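Structure file final_24.txt; described as compact mmCIF, C-alpha atoms.
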# COMPACT_ATOMS: atom_id res chain seq x y z
CA LEU A 1 83.61 53.71 102.85
CA ASP A 2 86.40 54.12 100.34
CA ARG A 3 88.45 51.13 101.42
CA PHE A 4 87.63 47.96 103.31
CA PRO A 5 90.45 47.03 105.71
CA HIS A 6 92.21 43.72 105.14
CA CYS A 7 91.11 41.04 107.57
CA PRO A 8 93.00 37.73 108.00
CA TYR A 9 89.90 35.87 109.16
CA ARG A 10 88.27 33.95 106.27
CA LEU A 11 84.48 33.71 106.50
CA LEU A 12 82.53 30.48 106.11
CA SER A 13 80.15 30.12 103.17
CA SER A 14 77.13 30.90 105.34
CA GLU A 15 78.69 34.00 106.93
CA ASN A 16 78.55 37.61 105.79
CA ARG A 17 80.70 40.66 106.57
CA PHE A 18 79.92 44.34 106.01
CA ILE A 19 81.22 47.65 107.32
CA GLY A 20 78.85 50.45 108.28
CA ARG A 21 79.12 54.00 109.54
CA VAL A 22 77.20 55.14 112.62
CA THR A 23 76.56 58.83 113.15
CA LEU A 24 75.30 59.90 116.59
CA THR A 25 73.47 63.18 116.80
CA SER A 26 70.81 65.09 118.63
CA ILE A 27 70.54 67.81 115.97
CA PRO A 28 67.08 67.97 114.30
CA ILE A 29 67.13 67.68 110.51
CA ARG A 30 64.39 69.54 108.72
CA GLN A 31 62.62 68.35 105.62
CA ALA A 32 64.07 64.83 105.84
CA ARG A 33 62.46 62.24 103.62
CA ARG A 34 62.37 59.67 106.41
CA PRO A 35 62.46 59.91 110.22
CA LEU A 36 65.96 60.24 111.64
CA MET A 37 66.79 58.19 114.73
CA ALA A 38 69.45 59.19 117.21
CA ALA A 39 71.78 56.68 115.56
CA THR A 40 71.67 56.53 111.77
CA LEU A 41 73.39 53.68 109.98
CA ALA A 42 74.67 54.59 106.52
CA ALA A 43 75.52 51.25 104.95
CA PRO A 44 74.21 48.71 102.43
CA PRO A 45 71.16 46.75 103.66
CA PHE A 46 71.73 44.14 106.33
CA LEU A 47 72.05 40.47 105.48
CA PRO A 48 70.56 39.91 101.99
CA ALA A 49 67.80 37.33 101.89
CA SER A 50 69.01 35.48 98.82
CA LEU A 51 71.85 35.33 96.31
CA PRO A 52 69.92 37.28 93.61
CA ALA A 53 69.08 39.93 96.18
CA ARG A 54 72.70 40.01 97.28
CA ALA A 55 73.84 40.48 93.66
CA ALA A 56 71.30 43.25 93.15
CA THR A 57 72.53 44.97 96.29
CA ALA A 58 76.13 44.76 95.06
CA ARG A 59 75.16 46.22 91.68
CA THR A 60 73.22 49.02 93.39
CA TRP A 61 76.15 49.78 95.70
CA ARG A 62 78.63 49.83 92.81
CA ARG A 63 76.35 52.07 90.75
CA ARG A 64 75.99 54.45 93.63
CA ARG A 65 79.77 54.53 94.15
CA THR A 66 80.28 55.53 90.49
CA THR A 67 77.86 58.44 90.60
CA ARG A 68 78.55 60.18 93.88
CA PRO A 69 80.74 59.14 96.82
CA PHE A 70 79.04 59.29 100.20
CA LEU A 71 79.95 62.40 102.14
CA ARG A 72 82.33 61.57 104.96
CA ALA A 73 82.71 62.91 108.47
CA THR A 74 86.44 62.33 108.51
CA CYS A 75 89.11 64.90 107.81
CA ALA A 76 92.69 64.22 106.73
CA TYR A 77 93.90 67.78 107.22
CA ALA A 78 95.04 68.38 110.79
CA LEU A 79 94.88 72.00 111.90
CA GLN A 80 97.96 73.70 113.24
CA GLU A 81 98.33 75.26 116.66
CA GLY A 82 96.13 78.34 117.01
CA GLN A 83 93.79 77.36 114.16
CA SER A 84 90.13 76.49 114.57
CA ARG A 85 87.48 75.05 112.27
CA ARG A 86 83.81 75.94 112.29
CA PHE A 87 80.90 76.05 109.87
CA HIS A 88 79.06 79.15 108.74
CA ARG A 89 75.37 78.51 108.09
CA LEU A 90 74.11 80.23 104.93
CA PRO A 91 70.54 81.52 104.50
CA CYS A 92 69.90 78.62 102.09
CA GLY A 93 70.71 76.12 104.85
CA LEU A 94 74.10 74.99 103.53
CA ASP A 95 77.31 75.26 105.55
CA LEU A 96 80.65 76.78 104.59
CA GLU A 97 83.78 75.48 106.28
CA VAL A 98 85.85 78.23 107.92
CA ILE A 99 89.41 77.77 109.17
CA ALA A 100 90.28 80.75 111.35
CA GLN A 101 93.44 81.88 113.07
CA ARG A 102 93.99 84.93 115.23
CA PRO A 103 97.26 86.75 115.95
CA PRO A 104 99.12 85.34 118.98
CA ALA A 105 99.55 88.89 120.33
CA PRO A 106 97.96 92.27 119.56
CA ALA A 107 99.73 94.04 116.70
CA PRO A 108 100.63 97.74 116.79
CA GLY A 109 98.09 99.74 114.82
CA GLU A 110 94.93 98.50 113.13
CA ARG A 111 95.25 95.40 110.98
CA PRO A 112 92.34 94.52 108.66
CA PRO A 113 91.05 90.95 108.72
CA LEU A 114 92.08 88.78 105.77
CA VAL A 115 89.50 86.53 104.08
CA PHE A 116 90.91 83.88 101.73
CA VAL A 117 89.02 82.31 98.80
CA HIS A 118 90.49 79.23 97.10
CA GLY A 119 90.23 78.06 93.49
CA SER A 120 89.20 74.79 91.83
CA PHE A 121 90.28 71.48 93.41
CA HIS A 122 91.24 73.20 96.65
CA ALA A 123 89.59 74.16 99.93
CA ALA A 124 90.37 76.21 103.04
CA TRP A 125 93.25 73.88 103.93
CA CYS A 126 95.43 75.31 101.13
CA TRP A 127 95.66 78.63 103.02
CA ALA A 128 95.99 77.05 106.46
CA GLU A 129 99.20 75.26 105.50
CA HIS A 130 101.51 78.34 105.28
CA TRP A 131 99.79 81.67 104.76
CA LEU A 132 97.45 81.72 107.75
CA PRO A 133 100.34 81.23 110.22
CA PHE A 134 102.47 83.75 108.30
CA PHE A 135 99.90 86.56 108.29
CA THR A 136 98.69 86.00 111.85
CA ARG A 137 102.29 86.33 113.03
CA ALA A 138 102.24 89.71 111.28
CA GLY A 139 99.14 90.69 113.27
CA PHE A 140 96.30 90.00 110.79
CA PRO A 141 93.22 87.98 111.84
CA CYS A 142 92.68 85.36 109.12
CA TYR A 143 89.68 83.44 107.80
CA ALA A 144 89.97 80.80 105.06
CA LEU A 145 86.68 79.70 103.48
CA SER A 146 85.78 76.51 101.64
CA LEU A 147 83.26 77.17 98.88
CA ARG A 148 80.12 75.06 98.54
CA ALA A 149 80.92 71.35 98.03
CA GLN A 150 84.67 72.12 98.03
CA VAL A 151 85.44 70.89 101.51
CA PHE A 152 87.31 67.86 102.86
CA VAL A 153 85.36 67.65 106.11
CA GLU A 154 81.57 67.86 106.33
CA SER A 155 79.67 69.52 109.13
CA PRO A 156 77.84 67.11 111.48
CA GLN A 157 74.52 68.45 110.20
CA CYS A 158 75.48 67.69 106.60
CA VAL A 159 76.65 64.15 107.34
CA VAL A 160 73.50 63.26 109.29
CA ALA A 161 71.23 64.77 106.66
CA CYS A 162 72.91 62.72 103.93
CA ALA A 163 72.49 59.57 105.99
CA ALA A 164 68.80 60.33 106.52
CA LEU A 165 68.10 61.02 102.85
CA TRP A 166 70.14 58.17 101.40
CA HIS A 167 68.41 55.41 99.43
CA PRO A 168 70.31 52.49 97.85
CA GLY A 169 71.08 53.31 94.22
CA GLU A 170 70.03 56.93 94.55
CA SER A 171 72.70 59.58 94.26
CA SER A 172 72.54 62.38 96.81
CA VAL A 173 73.58 64.88 94.12
CA PRO A 174 72.89 64.55 90.36
CA PRO A 175 76.07 63.75 88.39
CA GLU A 176 75.66 66.85 86.23
CA ALA A 177 75.25 69.20 89.21
CA VAL A 178 77.72 71.96 90.04
CA ALA A 179 78.45 73.62 93.35
CA GLY A 180 77.09 77.04 92.36
CA THR A 181 77.48 80.06 90.14
CA LEU A 182 79.67 83.13 90.27
CA GLU A 183 76.78 84.99 91.87
CA THR A 184 76.00 82.36 94.53
CA HIS A 185 79.63 81.98 95.58
CA THR A 186 79.95 85.78 95.79
CA GLY A 187 76.77 85.97 97.86
CA ASP A 188 78.05 83.27 100.23
CA ILE A 189 81.24 85.22 100.90
CA ALA A 190 79.28 88.43 101.39
CA ASP A 191 77.00 86.69 103.91
CA PHE A 192 80.01 85.43 105.87
CA ILE A 193 81.70 88.85 105.91
CA LYS A 194 78.50 90.61 106.92
CA LYS A 195 77.78 88.27 109.84
CA GLU A 196 81.18 87.20 111.12
CA VAL A 197 83.90 89.70 110.15
CA PRO A 198 83.92 92.72 112.49
CA SER A 199 85.60 95.25 110.16
CA PRO A 200 86.19 95.70 106.40
CA PRO A 201 88.50 92.86 105.33
CA VAL A 202 91.03 92.37 102.57
CA LEU A 203 89.64 89.70 100.25
CA ILE A 204 92.32 87.41 98.79
CA GLY A 205 91.41 85.05 95.93
CA HIS A 206 93.46 82.46 94.07
CA SER A 207 92.79 81.23 90.50
CA PHE A 208 88.99 80.89 90.08
CA GLY A 209 88.73 82.27 93.62
CA GLY A 210 90.25 85.45 92.19
CA LEU A 211 87.38 85.64 89.69
CA ILE A 212 84.92 85.38 92.59
CA VAL A 213 86.74 88.27 94.30
CA GLN A 214 86.45 90.29 91.07
CA GLN A 215 82.70 89.66 91.00
CA TYR A 216 82.48 90.75 94.65
CA ILE A 217 84.26 94.02 93.81
CA SER A 218 81.78 94.68 90.98
CA CYS A 219 78.76 93.88 93.16
CA SER A 220 79.97 96.00 96.07
CA GLN A 221 79.80 99.24 94.08
CA GLY A 222 76.78 101.03 95.58
CA SER A 223 75.53 97.86 97.28
CA GLU A 224 77.28 97.77 100.64
CA LEU A 225 74.13 96.47 102.33
CA LEU A 226 74.40 93.16 100.45
CA HIS A 227 78.15 93.19 99.83
CA PRO A 228 80.03 94.87 102.71
CA LYS A 229 82.86 97.14 101.68
CA LEU A 230 86.42 95.89 101.56
CA ALA A 231 89.67 97.30 102.87
CA GLY A 232 91.35 95.91 99.76
CA ALA A 233 91.56 92.93 97.42
CA VAL A 234 94.39 90.66 96.27
CA LEU A 235 94.13 88.60 93.06
CA VAL A 236 96.64 85.73 93.16
CA CYS A 237 97.28 83.91 89.86
CA SER A 238 93.69 84.87 89.12
CA VAL A 239 91.56 83.87 86.17
CA PRO A 240 91.17 87.09 84.11
CA PRO A 241 87.91 89.10 84.07
CA SER A 242 87.01 87.58 80.68
CA GLY A 243 87.34 84.01 82.00
CA ASN A 244 89.63 81.19 80.98
CA SER A 245 88.61 80.90 77.31
CA GLY A 246 91.34 83.32 76.20
CA LEU A 247 93.94 81.33 78.14
CA VAL A 248 92.80 78.11 76.46
CA TRP A 249 92.95 79.56 72.94
CA ARG A 250 96.41 81.06 73.49
CA TYR A 251 97.72 77.70 74.66
CA LEU A 252 96.16 75.93 71.68
CA LEU A 253 97.76 78.33 69.20
CA THR A 254 101.18 78.81 70.80
CA LYS A 255 101.75 75.81 73.10
CA PRO A 256 99.69 72.86 71.82
CA VAL A 257 101.49 70.29 73.97
CA ALA A 258 100.92 72.40 77.09
CA ALA A 259 97.27 72.86 76.02
CA VAL A 260 96.77 69.10 75.94
CA LYS A 261 98.40 68.70 79.35
CA VAL A 262 96.31 71.46 80.93
CA THR A 263 93.11 70.00 79.45
CA LEU A 264 93.93 66.51 80.68
CA SER A 265 95.04 67.73 84.09
CA LEU A 266 92.11 70.05 84.83
CA ALA A 267 89.14 69.23 82.59
CA ALA A 268 89.70 65.46 82.76
CA LYS A 269 91.10 65.61 86.33
CA ALA A 270 94.14 63.57 85.29
CA TYR A 271 96.18 65.47 87.91
CA ALA A 272 94.48 63.24 90.51
CA ASN A 273 96.13 60.07 89.17
CA SER A 274 99.46 61.36 87.88
CA LEU A 275 101.99 62.74 90.31
CA SER A 276 104.15 64.20 87.54
CA LEU A 277 101.19 65.94 85.89
CA CYS A 278 99.99 67.27 89.25
CA LYS A 279 103.45 68.70 89.93
CA GLU A 280 103.73 70.27 86.47
CA THR A 281 100.26 71.82 86.74
CA PHE A 282 100.40 73.28 90.22
CA PHE A 283 103.94 73.26 91.60
CA SER A 284 107.58 73.96 90.85
CA LEU A 285 109.66 71.10 89.50
CA GLN A 286 111.95 71.19 92.55
CA MET A 287 109.00 70.54 94.88
CA ASP A 288 109.43 67.38 96.95
CA ASP A 289 107.41 64.47 95.51
CA GLU A 290 106.19 63.36 98.92
CA LEU A 291 104.73 66.80 99.58
CA VAL A 292 103.15 66.94 96.12
CA SER A 293 101.59 63.53 96.79
CA ARG A 294 100.11 64.81 100.06
CA TYR A 295 98.60 67.87 98.39
CA GLN A 296 97.38 65.75 95.47
CA ALA A 297 95.42 63.56 97.90
CA LEU A 298 93.88 66.61 99.57
CA MET A 299 92.92 68.08 96.19
CA LYS A 300 91.25 64.85 95.09
CA GLU A 301 89.05 64.84 98.18
CA SER A 302 88.36 68.58 98.34
CA SER A 303 86.36 69.04 95.15
CA LYS A 304 83.16 67.04 95.49
CA LEU A 305 81.50 69.01 92.69
CA PRO A 306 82.77 71.39 89.98
CA PRO A 307 82.55 74.92 91.43
CA PHE A 308 80.95 76.26 88.21
CA ASP A 309 79.37 75.28 84.94
CA LEU A 310 82.22 76.67 82.82
CA ARG A 311 80.13 77.18 79.68
CA LYS A 312 77.54 79.23 81.52
CA LEU A 313 80.27 81.03 83.44
CA ASN A 314 82.20 82.09 80.33
CA ALA A 315 78.95 83.19 78.67
CA SER A 316 78.28 85.57 81.59
CA LEU A 317 81.72 87.18 81.52
CA PRO A 318 83.51 89.56 81.61
CA VAL A 319 82.75 90.79 85.09
CA SER A 320 81.36 94.31 85.29
CA SER A 321 83.95 97.05 85.21
CA VAL A 322 84.47 99.33 88.19
CA PRO A 323 84.07 102.98 87.13
CA ASP A 324 85.64 104.47 90.24
CA LYS A 325 88.63 102.94 91.91
CA THR A 326 87.16 102.66 95.38
CA THR A 327 88.94 99.42 96.32
CA GLU A 328 92.72 99.05 96.49
CA ILE A 329 93.70 96.01 94.41
CA LEU A 330 96.92 94.01 94.13
CA VAL A 331 97.27 91.80 91.03
CA MET A 332 99.96 89.18 91.57
CA GLY A 333 101.12 86.27 89.43
CA ALA A 334 103.89 83.69 89.26
CA SER A 335 106.60 83.40 86.64
CA ASN A 336 106.26 79.61 86.36
CA ASP A 337 102.47 79.49 86.32
CA PHE A 338 101.37 76.62 84.06
CA ILE A 339 97.70 77.74 84.04
CA VAL A 340 97.53 81.56 83.99
CA ASP A 341 100.07 82.96 81.51
CA SER A 342 101.67 86.41 81.52
CA GLU A 343 99.03 87.79 79.12
CA GLY A 344 96.29 86.65 81.49
CA LEU A 345 98.06 88.42 84.36
CA SER A 346 98.43 91.60 82.28
CA GLU A 347 94.76 91.50 81.23
CA THR A 348 93.63 91.48 84.86
CA ALA A 349 95.98 94.32 85.78
CA ARG A 350 94.82 96.46 82.82
CA PHE A 351 91.19 95.89 83.76
CA TYR A 352 91.81 97.46 87.18
CA GLY A 353 94.37 100.03 86.09
CA VAL A 354 97.22 98.70 88.24
CA GLN A 355 100.71 97.36 87.62
CA PRO A 356 100.93 93.57 88.03
CA ILE A 357 103.57 91.94 90.19
CA CYS A 358 105.03 88.67 88.89
CA VAL A 359 106.86 86.70 91.58
CA GLU A 360 109.86 84.87 90.16
CA GLY A 361 110.44 81.18 90.72
CA LEU A 362 106.91 80.25 91.80
CA ALA A 363 104.23 78.09 90.18
CA HIS A 364 100.42 78.34 90.12
CA ASP A 365 99.86 77.16 93.70
CA ILE A 366 101.88 80.07 95.01
CA MET A 367 100.62 79.59 98.60
CA LEU A 368 101.78 75.94 98.73
CA ASP A 369 104.87 76.00 96.52
CA CYS A 370 108.34 75.40 97.94
CA SER A 371 109.11 79.15 97.97
CA TRP A 372 105.68 80.26 99.23
CA GLU A 373 107.30 82.94 101.44
CA LYS A 374 108.04 85.09 98.35
CA GLY A 375 104.36 85.51 97.57
CA ALA A 376 103.39 86.04 101.20
CA GLU A 377 106.04 88.71 101.69
CA THR A 378 104.93 90.52 98.52
CA ILE A 379 101.38 90.71 99.85
CA LEU A 380 102.57 91.77 103.31
CA THR A 381 104.54 94.67 101.81
CA TRP A 382 101.40 95.79 99.98
CA LEU A 383 99.23 95.40 103.10
CA GLU A 384 101.56 97.60 105.12
CA LYS A 385 100.78 100.49 102.75
CA LEU A 386 96.99 100.14 102.93
CA LYS A 387 95.02 102.99 104.45
CA PRO A 388 92.91 101.98 107.49
CA GLN A 389 89.19 101.46 106.79
CA SER A 390 86.26 101.96 109.10
CA ASN A 391 82.83 100.34 109.14

Hey, can you dump this file as structure tokens for me?
Amino acid sequence: LDRFPHCPYRLLSSENRFIGRVTLTSIPIRQARRPLMAATLAAPPFLPASLPARAATARTWRRRRTTRPFLRATCAYALQEGQSRRFHRLPCGLDLEVIAQRPPAPAPGERPPLVFVHGSFHAAWCWAEHWLPFFTRAGFPCYALSLRAQVFVESPQCVVACAALWHPGESSVPPEAVAGTLETHTGDIADFIKKEVPSPPVLIGHSFGGLIVQQYISCSQGSELLHPKLAGAVLVCSVPPSGNSGLVWRYLLTKPVAAVKVTLSLAAKAYANSLSLCKETFFSLQMDDELVSRYQALMKESSKLPPFDLRKLNASLPVSSVPDKTTEILVMGASNDFIVDSEGLSETARFYGVQPICVEGLAHDIMLDCSWEKGAETILTWLEKLKPQSN
């Protein structure tokens, strides 16, 4: 557990207190290293036999806390009315969190489903806050996905499996591990669309999620069996097709102070401990501090692992070009984006042969910023012009 609650009762020298987590389940776990009982206790060993053993247990527990926090079954993000959460089981056995919301009433005409893909340090909750309610009111069925290891709440199967496999001092995931690659994340989204989305969707990606959408577009050319066709794609403050290396070098040469801040905020995750840096990186300056603090807490808990190995990712880029414009694409940025500059926005638009739209007065987290409606309305206007697609 992250925090031990304060207790006014002072223990005697011969007494011992610990806090454990009990997970009740009847779900069978395959390939477990040890038998799983109906009630699994995930906690440090019971009463240590001696002081040296107790000290060793404390060292082991501290070491384990520094490598990999135990996956929790709790969730701090409360869904809004009409939203539901479920988990999509991938062929590899992992689960993807899905927050879904359907229109309250049938809309006139056919409306394609919308599938949302988040970027680094976020999860499905970032879409559920504003954009899922907005687009469902307009008649679009919505699905927000959390990428591998980028989820605040774990599925019951995942929590129980971690409890069964846990050994004191042994990390459940190596410290150097990453959540996946551009290809695996793209394949996960394709598997979800193929199995759970009834008609060609519009795929909407933000930041590094936009790069995943770009990879999906490249893979879908002539491969609809593995990557179902799309009704359209929206790239929101997206990392360009060549990756983020160009962005970094431009900042270093033209805005060295901003380059240091971006590096500290993202690479060193300093955004998690500095409210002002978090606001400057992701939000507009007029954003309420209390709201920024809430989103900061959700971001800290959402990213259990880096989504990519950035060195390997940048070495594999740019994404493959699309010879024929078979997918309608909207490239949208924000005028106050601290991460993706105007040249990065233009690069993405040139790659797909479209005119970019830069929304004034918004920061990088365009779907959470204080004027989030501007971005949502821009996308809605574009969606209204889309031609209907069939399976």

Could you jot down the CA of Pro306 in chain A to CA of Ala268 in chain A separation for me, Å, one decimal place?
11.6 Å

What does the distance from CA of Trp131 in chain A to CA of Met367 in chain A come to in Å, to one decimal?
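Result for CA of Trp131 in chain A versus CA of Met367 in chain A: 6.6 Å, one decimal.
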
What is the distance, in Å and to one decimal place, between CA of Gly353 in chain A and CA of Leu330 in chain A?
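Separation of CA of Gly353 in chain A and CA of Leu330 in chain A: 10.4 Å.
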
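With all atoms listed in the file taken into account, the protein and nucleic acid residues at most 9 Å from Gln221 in chain A (excluding it and anything under 4 positions from it in its own chain) are A:Tyr216, A:Ile217, A:His227, A:Lys229, A:Val322, A:Pro323, A:Asp324, A:Thr326.
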
Give me the residues near range 359-361 of chain A as a list in words, where near means some atom within 8 Å (using only C-alpha atoms) and where sequence neighbours in that chain fewer than 4 positions away do not count.
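Near range 359-361 of chain A, the qualifying residues are Ser284, Met332, Gly333, Ala334, Ser335, Asn336, Ser371, Lys374 and Gly375 of chain A.
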
10 Å contact set for range 79-91 of chain A, only C-alpha atoms, chain neighbours under 4 positions out, as a PyMOL selection string
chain A and resi 95-104+124-125+128-130+132-133+136+142-146+153-157+187-189+191-192+195-196

Which residue is closest to Ala297 in chain A? Choose from A:Pro108, A:Phe135, A:Gly205, A:His122 and count all atoms listed in the file.
A:His122

Skipping near chain neighbours, those fewer than 6 positions away, what residues fall within 10 Å of Gln286 in chain A using all atoms listed in the file, listed as a ChimeraX atom specification?
/A:279,369-370

Polymer residues at most 9 Å from Pro388 in chain A, all atoms listed in the file, same-chain spacing of 6 or more positions, as a PDB file with C-alpha atoms, in the coordinates of the input:
ATOM      1  CA  GLU A 110      94.930  98.500 113.130  1.00  0.00           C
ATOM      2  CA  ARG A 111      95.250  95.400 110.980  1.00  0.00           C
ATOM      3  CA  PRO A 112      92.340  94.520 108.660  1.00  0.00           C
ATOM      4  CA  ALA A 231      89.670  97.300 102.870  1.00  0.00           C
TER       5      ALA A 231
END

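Residue nearest Ser242 in chain A within the list A:Gly180, A:Pro318, A:Pro198, A:Pro228: A:Pro318 [criterion: smallest interatomic distance, all atoms listed in the file].
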
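For the choices A:Gln296, A:Ser302, A:Ser321, A:Thr184, the atom-to-atom distance to Ala123 in chain A is smallest for A:Ser302 when using all atoms listed in the file.
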
Closest of A:Leu285, A:Val262, A:Ala78, A:Leu94 to Cys126 in chain A, counting only C-alpha atoms, is A:Ala78

Report, as AutoDock Vina command-line options, the axis-aligned box around all atoms of range 216-222 of chain A present in the file, extended by 6 Å on each side; give centre and edge lengths in Å to one decimal place.
--center_x 80.5 --center_y 95.9 --center_z 93.5 --size_x 19.5 --size_y 22.3 --size_z 17.1

Shortest interatomic distance to Lys194 in chain A - which of A:Val292, A:Leu225, A:Cys278, A:Met287, counting only C-alpha atoms
A:Leu225

Counting all atoms listed in the file, the option among A:Val257, A:Ala190, A:Cys237, A:Val248 closest to Ser220 in chain A
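Of A:Val257, A:Ala190, A:Cys237, A:Val248, the one nearest Ser220 in chain A, counting all atoms listed in the file, is A:Ala190.
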